[in-house]
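Participant: There's a structure below that I have some questions on.
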Amino acid sequence: MSDDHVYMTLAEGHEDDTRWAYGTGFEDPLQGVDTDVPDGVDAQELAALCVTLADDALVSAQRLAEWTTRAPELEEEVALANIGLDLLGQARLLYSRAGQVDGTGRGEDAYAYFRDAGEFRNVRLAELPNGDFAFSIVRLLVFSSWRLAHFERLAAHRDPVLAAIAAKGVKELAYHRQYAAEWAVRLGDGTEESHRRTRRALEQVAPYLGELFTAYDVRDEVVAVLSQVTEAAGLPMPVYRPLPGSGRAGEHTEHLAPLLAELQGVARAHPEATW
Amino acid sequence: MVTTLLDARRARRIAEQVPDPELPMLTLADLGVLREVSMDPDGTVVASLTPTYSGCPAMAEMRAGVAARLKDAGYPRVEIRTVLDPPWTSDWITPEGRRKLAEHGIAPPGAAPARAAGPVPLVLSPIRRSVTCPRCGSADTEETSRFAATSCKALWRCLACREPFEYVKEI
Ligand SMILES: [Zn+2]
């Protein structure tokens with residue numbers, strides 16, 4: 001066998017490996033991970049938490065992927081796609097963990113492709129349309145700061161699998177936040193037009209901030225980061241007021257269903273297909 | 001028993017030589033993602049791999065590569081385990097791996113940031129990293145993009161020889 005390259009091994013016809021191209025044959029991303037739930041951890045609560053965190057990541061990843069071929073520069077397109085890929089990876093691990101512990105034995109695809117909008121538990125901030133580049137950057141800044149603060153705490157969760165997923169995610173999210181923060185400063189401190197658009201973006205995300213701060217004690221950390229960035233950017237801090245409803249209760253904006261239609265279309269048209 | 005130990009060692013050497021799909025000049029051992037290879041009493045080889053990034057699409061290929069190599073080497077029963085804890089760090093890239101990266105025009109990572117207790121700080125002032133150009137050795141280099149073709153790399157350019165190059169990020 002002359003496999004100088006791993007991909008070549010795929011073409012060499014191992015009987016239990018029927019994949020035909022790179023990226024096909026997705027398998028359980030938690031393969032071989034100890035699946036036990038520790039004593040004292042409520043399996044249903046753990047599963048619900050994993051689904052919630054996965055939904056945030058999956059919906060965000062889909063929005064980030066929409067920038068592909070539309071970003072202002074190739075470098076930004078690559079950056080946004082990479083950030084989306086990290087989040088998609090987090091979602092896959094979290095859905096798999098949920099399926100292990102909620103008693104249904106569902107795989108990641110069941111959660112991602114075969115639930116309707118009302119069953120998704122992501123925060124509404126994640127599903128809002130991309131808007132302009134300033135809005136996407138401001139949304140990413142808020143989202144990654146919030147998720148990072150949350151994951152720092154989850155790294156000490158009593159479930160070792162969730163804790164490990166979170167500990168890994170912290171490193172990735174720190175890069176995401178850094179990217180968004182640097183762009184927010186550049187835009188806020190840039191031209192009159194970029195300043196105006198970034199300021200408007202802050203006003204647009206403001207109503208969705210309350211939803212992020214209800215369930216977990218991460219508010220102070222996120223507010224500190226937002227203050228640091230807005231000060232460096234010469235922008236005002238967003239003033240948030242609560243918006244009725246909650247994505248966490250399955251109450252979404254009108255934007256989620258079309259997003260899911262695109263995300264789920266192929267899988268639903270060919271439910272038996274493997275790739 | 002002695003046979004088993006020798007066999008486990010041989011299995012480990014085989015698994016270690018599997019190339020990384022994204023950085024094929026590196027083996028999985030060079031990259032530090034092959035955490036352990038052992039052999040169960042029934043002869044099953046158990047290889048433990050850790051992903052570099054959560055979304056690393058190469059993970060499935062790494063698993064397939066290790067399993068295929070071991071089967072070809074005469075180990076019919078192979079089990080691949082995923083290890084998430086502790087998370088992969090670029091510090092695990094071996095000196096040999098770093099040398100190979102540089103040889104192929106990719107700047108190896110510096111030391112990963114030490115993680116203190118409490119929130120991860122956000123630093124907005126430009127972070128000075130001294131990245132040496134893997135082509136000409138000049139330290140007169142600058143970052144052009146924090147993200148590149150794969151999650152683990154950034155794009156840089158050399159101001160001395162004017163060549164762009166990739167750089168494996170510290171994580
Ligand atoms: Zn140079």
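In the structure tokens, chains take the letters A, B, ... in the order shown, each chain's residues start at 1, and ligands count up from 1 in the order shown.
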Pick out the residues sitting within 12 Å of Pro258 of chain A, and hand them over as a list in words; count only C-alpha atoms, and ignore anything fewer than 4 positions along from it in its own chain.

Facilitator: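 Within the cut-off, the hits are Val59, Gln62, Arg63, Asp116, Ala117, Glu127, Leu128, Pro129, His252, Thr253, Glu254, Glu262, Leu263, Gln264 and Gly265 of chain A.
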
Participant: What are the residues of chain A lining chain B at 7 Å or less? Count only C-alpha atoms, and put the answer as a PyMOL selection string.

Facilitator: chain A and resi 5-7+9+23+30-33+75+78-79+82+85-90+149+164-165+167-168+171+178+182

Participant: Select from chain B every residue with an atom at most 9 Å from any atom of ligand 1, then for each give the shortest pair of atoms and their distance in Å to one decimal, using only C-alpha atoms and all ligand atoms, rows by chain and rising number, as a tab-separated table.

Facilitator:
```
residue	atom	partner	partner_atom_place_in_ligand_line	distance
B:Thr132	CA	ligand 1	1 (Zn)	7.8
B:Cys133	CA	ligand 1	1 (Zn)	4.5
B:Pro134	CA	ligand 1	1 (Zn)	6.6
B:Arg135	CA	ligand 1	1 (Zn)	5.1
B:Cys136	CA	ligand 1	1 (Zn)	4.1
B:Gly137	CA	ligand 1	1 (Zn)	5.9
B:Ser138	CA	ligand 1	1 (Zn)	5.4
B:Ala139	CA	ligand 1	1 (Zn)	8.0
B:Asp140	CA	ligand 1	1 (Zn)	7.8
B:Thr141	CA	ligand 1	1 (Zn)	7.6
B:Arg157	CA	ligand 1	1 (Zn)	7.6
B:Cys158	CA	ligand 1	1 (Zn)	4.5
B:Leu159	CA	ligand 1	1 (Zn)	6.7
B:Ala160	CA	ligand 1	1 (Zn)	5.3
B:Cys161	CA	ligand 1	1 (Zn)	4.1
B:Arg162	CA	ligand 1	1 (Zn)	6.2
B:Glu163	CA	ligand 1	1 (Zn)	5.9
B:Pro164	CA	ligand 1	1 (Zn)	8.1
B:Phe165	CA	ligand 1	1 (Zn)	8.6
```

Participant: For N, CA and C atoms, I'd like the residues from the last selection saved as a PDB file, in the first residue's frame.

Facilitator:
```pdb
ATOM      1  N   THR B 132       9.129  33.765  12.477  1.00  0.00           N
ATOM      2  CA  THR B 132      10.253  33.798  11.548  1.00  0.00           C
ATOM      3  C   THR B 132       9.820  33.225  10.202  1.00  0.00           C
ATOM      4  N   CYS B 133      10.189  33.905   9.133  1.00  0.00           N
ATOM      5  CA  CYS B 133       9.848  33.429   7.792  1.00  0.00           C
ATOM      6  C   CYS B 133      10.487  32.066   7.551  1.00  0.00           C
ATOM      7  N   PRO B 134       9.670  31.055   7.216  1.00  0.00           N
ATOM      8  CA  PRO B 134      10.244  29.718   7.027  1.00  0.00           C
ATOM      9  C   PRO B 134      11.082  29.610   5.745  1.00  0.00           C
ATOM     10  N   ARG B 135      10.993  30.624   4.874  1.00  0.00           N
ATOM     11  CA  ARG B 135      11.773  30.554   3.623  1.00  0.00           C
ATOM     12  C   ARG B 135      13.141  31.201   3.767  1.00  0.00           C
ATOM     13  N   CYS B 136      13.151  32.446   4.299  1.00  0.00           N
ATOM     14  CA  CYS B 136      14.434  33.166   4.330  1.00  0.00           C
ATOM     15  C   CYS B 136      14.936  33.394   5.750  1.00  0.00           C
ATOM     16  N   GLY B 137      14.132  33.084   6.750  1.00  0.00           N
ATOM     17  CA  GLY B 137      14.608  33.211   8.126  1.00  0.00           C
ATOM     18  C   GLY B 137      14.458  34.594   8.716  1.00  0.00           C
ATOM     19  N   SER B 138      13.919  35.540   7.936  1.00  0.00           N
ATOM     20  CA  SER B 138      13.780  36.903   8.450  1.00  0.00           C
ATOM     21  C   SER B 138      12.686  36.962   9.524  1.00  0.00           C
ATOM     22  N   ALA B 139      12.892  37.834  10.507  1.00  0.00           N
ATOM     23  CA  ALA B 139      11.870  38.043  11.538  1.00  0.00           C
ATOM     24  C   ALA B 139      10.974  39.212  11.166  1.00  0.00           C
ATOM     25  N   ASP B 140      11.223  39.815  10.011  1.00  0.00           N
ATOM     26  CA  ASP B 140      10.438  40.964   9.566  1.00  0.00           C
ATOM     27  C   ASP B 140       9.194  40.458   8.835  1.00  0.00           C
ATOM     28  N   THR B 141       8.194  40.050   9.618  1.00  0.00           N
ATOM     29  CA  THR B 141       7.007  39.401   9.053  1.00  0.00           C
ATOM     30  C   THR B 141       5.756  40.035   9.636  1.00  0.00           C
ATOM     31  N   ARG B 157       2.925  37.112   5.978  1.00  0.00           N
ATOM     32  CA  ARG B 157       3.809  37.371   4.843  1.00  0.00           C
ATOM     33  C   ARG B 157       5.136  37.913   5.360  1.00  0.00           C
ATOM     34  N   CYS B 158       6.144  37.664   4.556  1.00  0.00           N
ATOM     35  CA  CYS B 158       7.490  38.084   4.918  1.00  0.00           C
ATOM     36  C   CYS B 158       7.763  39.403   4.212  1.00  0.00           C
ATOM     37  N   LEU B 159       8.241  40.412   4.970  1.00  0.00           N
ATOM     38  CA  LEU B 159       8.523  41.710   4.364  1.00  0.00           C
ATOM     39  C   LEU B 159       9.921  41.748   3.756  1.00  0.00           C
ATOM     40  N   ALA B 160      10.732  40.747   4.086  1.00  0.00           N
ATOM     41  CA  ALA B 160      12.087  40.704   3.520  1.00  0.00           C
ATOM     42  C   ALA B 160      12.086  40.031   2.151  1.00  0.00           C
ATOM     43  N   CYS B 161      11.571  38.791   2.078  1.00  0.00           N
ATOM     44  CA  CYS B 161      11.584  38.086   0.781  1.00  0.00           C
ATOM     45  C   CYS B 161      10.243  38.222   0.053  1.00  0.00           C
ATOM     46  N   ARG B 162       9.282  38.898   0.665  1.00  0.00           N
ATOM     47  CA  ARG B 162       7.973  39.209   0.066  1.00  0.00           C
ATOM     48  C   ARG B 162       7.072  37.991  -0.139  1.00  0.00           C
ATOM     49  N   GLU B 163       7.462  36.847   0.379  1.00  0.00           N
ATOM     50  CA  GLU B 163       6.654  35.643   0.160  1.00  0.00           C
ATOM     51  C   GLU B 163       5.579  35.502   1.239  1.00  0.00           C
ATOM     52  N   PRO B 164       4.376  35.104   0.859  1.00  0.00           N
ATOM     53  CA  PRO B 164       3.383  34.752   1.879  1.00  0.00           C
ATOM     54  C   PRO B 164       3.688  33.364   2.430  1.00  0.00           C
ATOM     55  N   PHE B 165       3.292  33.107   3.644  1.00  0.00           N
ATOM     56  CA  PHE B 165       3.454  31.759   4.199  1.00  0.00           C
ATOM     57  C   PHE B 165       2.376  31.482   5.232  1.00  0.00           C
TER      58      PHE B 165
END
```

Participant: Here is a test: counting only C-alpha atoms, which residue of A:Asp39, A:Glu193, A:Glu73, A:Glu152 is nearest to Val218 of chain A?

Facilitator: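 Distance minimum relative to Val218 of chain A lands on A:Glu152.
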
Participant: Give me the residues within 12 Å of Ser38 of chain B as JSON, numbers by chain, counting only C-alpha atoms and dropping any in the same chain fewer than 3 places off.

Facilitator: {"B": [4, 5, 6, 7, 8, 9, 10, 11, 12, 13, 15, 34, 35, 41, 42, 43, 44, 45, 46, 47, 48, 78, 79, 80, 81]}

Participant: So which one's closest to Gln228 of chain A, A:Ser60, A:Ser136, A:Thr52, A:Ser145? Using only C-alpha atoms, please.

Facilitator: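 Looking at the shortest contact to Gln228 of chain A, the residue is A:Ser145.
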
Participant: Return as a count of residues only the full set of residues in segment 145-239 of chain A whose backbone-based DSSP assignment is helix (DSSP H, G or I).

Facilitator: 75

Participant: Based on the backbone DSSP call, show me all residues of chain B assigned strand (DSSP E), as a PyMOL selection string.

Facilitator: chain B and resi 34-39+45-49+78-82+106-107+141-145+153-158+164-168

Participant: Here is a test: counting only C-alpha atoms, which residue of A:Ala47, A:Ala65, A:Ala166, A:Ala267 is nearest to Ala110 of chain A?

Facilitator: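 That would be A:Ala267, the residue with the smallest distance to Ala110 of chain A.
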
Participant: Which residues are close to Pro95 of chain B, i.e. within 10 Å by only C-alpha atoms, leaving aside same-chain residues fewer than 5 positions away? Reply as a PyMOL selection string.

Facilitator: chain B and resi 30-31+100-101+108

Participant: Could you tell me how far atom CA of Glu96 of chain B lies from atom CA of Gly169 of chain A, in Å and to one decimal?

Facilitator: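 Answer for the atom CA of Glu96 of chain B to atom CA of Gly169 of chain A separation: 27.7 Å.
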
Participant: Check the smallest atom-to-atom distance from each of A:Glu211, A:Asp56, A:Asp102, A:Asp109 to Arg147 of chain A using only C-alpha atoms, then report the winner.

Facilitator: A:Asp56
